Amino acid sequence: MTEMNAVVAAAQETTGPIETDAVIIGAGPCGLFAVFELGLLDIKAHVVDILDRPGGQCAELYPEKPIYDVPALPIVTGQELTERLMEQIKPFAPVFHFSERIDSLRKEGDGRFRLVTDAGTEFIAKVVVVAAGGGSFTPKRPPLNGIEDYEGKSVFYSVRKIESMRGKDIVIVGGGDSALDWTLNLAPVAKSLTLIHRRDEFRAAPHSVEKMRKMVEETTVRLMIGQVTALEGANGQLTGVDVKTSSGTERIACSAMLPFFGLTMKLGPVADWGLNLHENLIVVDTERFETNEHGIFAIGDINSYPGKLKLILSGFHEAALMAQAAHKIVYPDKKLLFQYTTSSSSLQKKLGVK
Amino acid sequence: MTKITFIQPDGESQTVEAENGLTVMEAAKLNDIPGIEAECGGACACATCHVYVDEGWRDKVGKASDMEEDMLDFAFDVREGSRLSCQIKVSDALDGLVVRVPAKQF
């Protein structure tokens, strides 16, 4: 599904940079709560996430798993926590940019930051909040020898243009929705299409599986039960793959392979922004949760400081303190009066409850 | 305490003592067994704690649940005896358990 949204995102036209107070990188629980804390201080935010929906790890890794250590919620699932946070931040009308990843971040002459996503969306922001958790979710690379050489040339983890696959002998590996969706979408343009899965059972939506089985019956798609063990080709061009099946190893000729083995978290472009890192985490102070770059903050699982605990509740605290510091940058001339949501009529007005 | 032996792809083996009620993945992490990554921390959500249960132990350890089978789709070189070690609970019945660590996690 993520791949499908990427197609949509790529088709969207972008018109000049979006100017905003804050760009939050990551729509996990900490990124979402940062919208709230910044919002209370009149700081408007755009939120960018590589996934196609909010929630981060809560949505991708454990939507159904109960969480027991969020204060005042004795039990809450990742999905429910995400929904509640989305409800809580609604008054601040954050703008979400899903299925996009911030690729570059640099400081402008006026002290603001210019950020560009992999889809070409540009932002100019006064502050940046990195709330990227374990990093960006990226497709898992099958540990096959030499696969790196083929990536982007004949091994693809997503397809932006279906036409680019026309006339190819395609191998798709996997049994989930991505593998099945692309099997159904690419079969009509492919010269041949082989779907390889380790077992004759599929996690994908039953109607997709049904359609796939029909295509197998009509011999538009070949289904192989087995696992890819080796790649064959030269100069980035795949010519075949070895598939281990219950009856031995078979070589399949192909010119493109699409492996779908789920997502893993990689720090990604964050590593290239000149921020001080410690064991792949962003070093921050514990007063402002600011990085070595003034105006760039890091909260949640992605930061590092003495005593750091990777807990959602710690990330919420970090968001609150970060917002106080961000206020000084966004509104340098405004004195910030500390207020409670229980008694402040101005905060209540912002929350839309007054 | 229950003894569990982890055998690496190069044949090197390490036997650890694990408290009942922990998972085999947790026993591995507590003892710094190489090759068990457990990226998701035991949520059955990543398939990076994949092990091969030794042949003689498969009946006692039992089969993977449907959810675990789904997650094993994300593991590399799945074989007979493949399990996610975060889904195997340590108990007296598993005293002496032998599992093999795959050559590669994803």
# chains A, B, ... in the order shown; residues from 1 in each chain; ligands from 1
$ interface_residues --of "chain A" --to "chain B" --cutoff "10 Å" --atoms "only C-alpha atoms" --output "number ranges by chain"
A: 57, 60-62, 65, 134, 140-144, 174-176, 197-199, 201-204, 226-229, 244, 260-265
$ closest_residue --among "A:Gly133, A:Gly167, A:Pro74, A:Gly111" --to "Ile329 of chain A" --atoms "only C-alpha atoms"
A:Gly111
$ closest_residue --among "A:Asp272, A:Asp42, A:Glu80, A:Asp149" --to "Cys58 of chain A" --atoms "only C-alpha atoms"
A:Glu80
$ atom_distance --atom1 "atom CA of Ala27 of chain A" --atom2 "atom CA of Gly295 of chain A"
19.3 Å
$ residues_around --residues "Leu84 of chain B" --least-positions-apart "5" --cutoff "7 Å" --atoms "only C-alpha atoms" --output "PyMOL selection string"
chain B and resi 47+49-51
$ atom_distance --atom1 "atom CA of Asn31 of chain B" --atom2 "atom CA of Lys266 of chain A"
25.2 Å
$ residues_around --residues "Phe6 of chain B" --least-positions-apart "3" --cutoff "12 Å" --atoms "only C-alpha atoms" --output "PyMOL selection string"
chain B and resi 3+9-17+24-25+27-29+31-36+50-54+85+96-102
$ write_last_selection --atoms "N, CA and C atoms" --output "tab-separated table (two decimals), in the first residue's frame"
chain	number	residue	atom	x	y	z
B	3	LYS	N	18.53	-24.87	30.72
B	3	LYS	CA	19.71	-24.71	29.84
B	3	LYS	C	19.27	-24.64	28.37
B	9	PRO	N	26.32	-20.45	12.97
B	9	PRO	CA	26.52	-21.08	11.66
B	9	PRO	C	27.91	-21.72	11.52
B	10	ASP	N	28.93	-21.18	12.21
B	10	ASP	CA	30.27	-21.76	12.10
B	10	ASP	C	30.46	-22.93	13.06
B	11	GLY	N	29.42	-23.32	13.75
B	11	GLY	CA	29.50	-24.50	14.62
B	11	GLY	C	29.77	-24.19	16.08
B	12	GLU	N	30.18	-22.96	16.35
B	12	GLU	CA	30.47	-22.60	17.73
B	12	GLU	C	29.19	-22.62	18.56
B	13	SER	N	29.28	-23.21	19.76
B	13	SER	CA	28.04	-23.26	20.54
B	13	SER	C	28.22	-22.64	21.92
B	14	GLN	N	27.13	-22.11	22.44
B	14	GLN	CA	27.13	-21.43	23.73
B	14	GLN	C	25.91	-21.93	24.48
B	15	THR	N	26.12	-22.40	25.71
B	15	THR	CA	24.98	-22.85	26.50
B	15	THR	C	24.73	-21.82	27.60
B	16	VAL	N	23.48	-21.38	27.72
B	16	VAL	CA	23.15	-20.38	28.72
B	16	VAL	C	22.06	-20.92	29.64
B	17	GLU	N	21.96	-20.31	30.82
B	17	GLU	CA	20.89	-20.67	31.74
B	17	GLU	C	19.82	-19.59	31.65
B	24	VAL	N	13.03	-17.36	24.59
B	24	VAL	CA	14.36	-17.77	24.13
B	24	VAL	C	15.12	-16.55	23.58
B	25	MET	N	14.38	-15.63	22.95
B	25	MET	CA	15.03	-14.40	22.46
B	25	MET	C	15.62	-13.61	23.62
B	27	ALA	N	16.53	-14.69	26.54
B	27	ALA	CA	17.69	-15.42	27.06
B	27	ALA	C	18.91	-15.15	26.19
B	28	ALA	N	18.69	-15.09	24.87
B	28	ALA	CA	19.80	-14.82	23.95
B	28	ALA	C	20.34	-13.41	24.16
B	29	LYS	N	19.45	-12.43	24.25
B	29	LYS	CA	19.88	-11.04	24.40
B	29	LYS	C	20.62	-10.84	25.74
B	31	ASN	N	22.35	-12.84	27.25
B	31	ASN	CA	23.66	-13.48	27.22
B	31	ASN	C	24.49	-13.07	25.99
B	32	ASP	N	24.06	-12.00	25.34
B	32	ASP	CA	24.79	-11.47	24.18
B	32	ASP	C	25.09	-12.53	23.12
B	33	ILE	N	24.11	-13.35	22.80
B	33	ILE	CA	24.31	-14.34	21.74
B	33	ILE	C	24.33	-13.61	20.40
B	34	PRO	N	25.41	-13.77	19.62
B	34	PRO	CA	25.46	-13.08	18.32
B	34	PRO	C	24.38	-13.61	17.37
B	35	GLY	N	23.92	-12.75	16.49
B	35	GLY	CA	23.01	-13.19	15.43
B	35	GLY	C	21.55	-13.18	15.80
B	36	ILE	N	21.23	-12.81	17.04
B	36	ILE	CA	19.81	-12.64	17.41
B	36	ILE	C	19.61	-11.14	17.59
B	50	HIS	N	15.01	-14.90	14.34
B	50	HIS	CA	14.77	-16.20	13.70
B	50	HIS	C	15.80	-17.23	14.15
B	51	VAL	N	15.33	-18.42	14.52
B	51	VAL	CA	16.23	-19.54	14.85
B	51	VAL	C	15.68	-20.82	14.22
B	52	TYR	N	16.58	-21.81	14.09
B	52	TYR	CA	16.15	-23.15	13.68
B	52	TYR	C	16.16	-24.03	14.92
B	53	VAL	N	15.01	-24.55	15.29
B	53	VAL	CA	14.95	-25.46	16.43
B	53	VAL	C	15.52	-26.80	15.99
B	54	ASP	N	16.44	-27.35	16.80
B	54	ASP	CA	17.08	-28.62	16.45
B	54	ASP	C	16.04	-29.72	16.34
B	85	SER	N	12.41	-16.68	17.94
B	85	SER	CA	12.76	-17.05	19.32
B	85	SER	C	12.01	-16.22	20.36
B	96	GLY	N	17.63	-28.10	28.12
B	96	GLY	CA	18.53	-28.78	27.18
B	96	GLY	C	18.28	-28.39	25.73
B	97	LEU	N	17.31	-27.52	25.52
B	97	LEU	CA	16.93	-27.09	24.16
B	97	LEU	C	18.15	-26.65	23.33
B	98	VAL	N	18.15	-27.07	22.07
B	98	VAL	CA	19.20	-26.67	21.15
B	98	VAL	C	18.58	-25.92	19.98
B	99	VAL	N	19.02	-24.68	19.74
B	99	VAL	CA	18.57	-23.94	18.56
B	99	VAL	C	19.79	-23.47	17.77
B	100	ARG	N	19.62	-23.36	16.46
B	100	ARG	CA	20.69	-22.89	15.60
B	100	ARG	C	20.37	-21.47	15.12
B	101	VAL	N	21.40	-20.64	15.12
B	101	VAL	CA	21.26	-19.26	14.67
B	101	VAL	C	21.49	-19.24	13.15
B	102	PRO	N	20.60	-18.62	12.37
B	102	PRO	CA	20.80	-18.61	10.91
B	102	PRO	C	22.02	-17.79	10.52
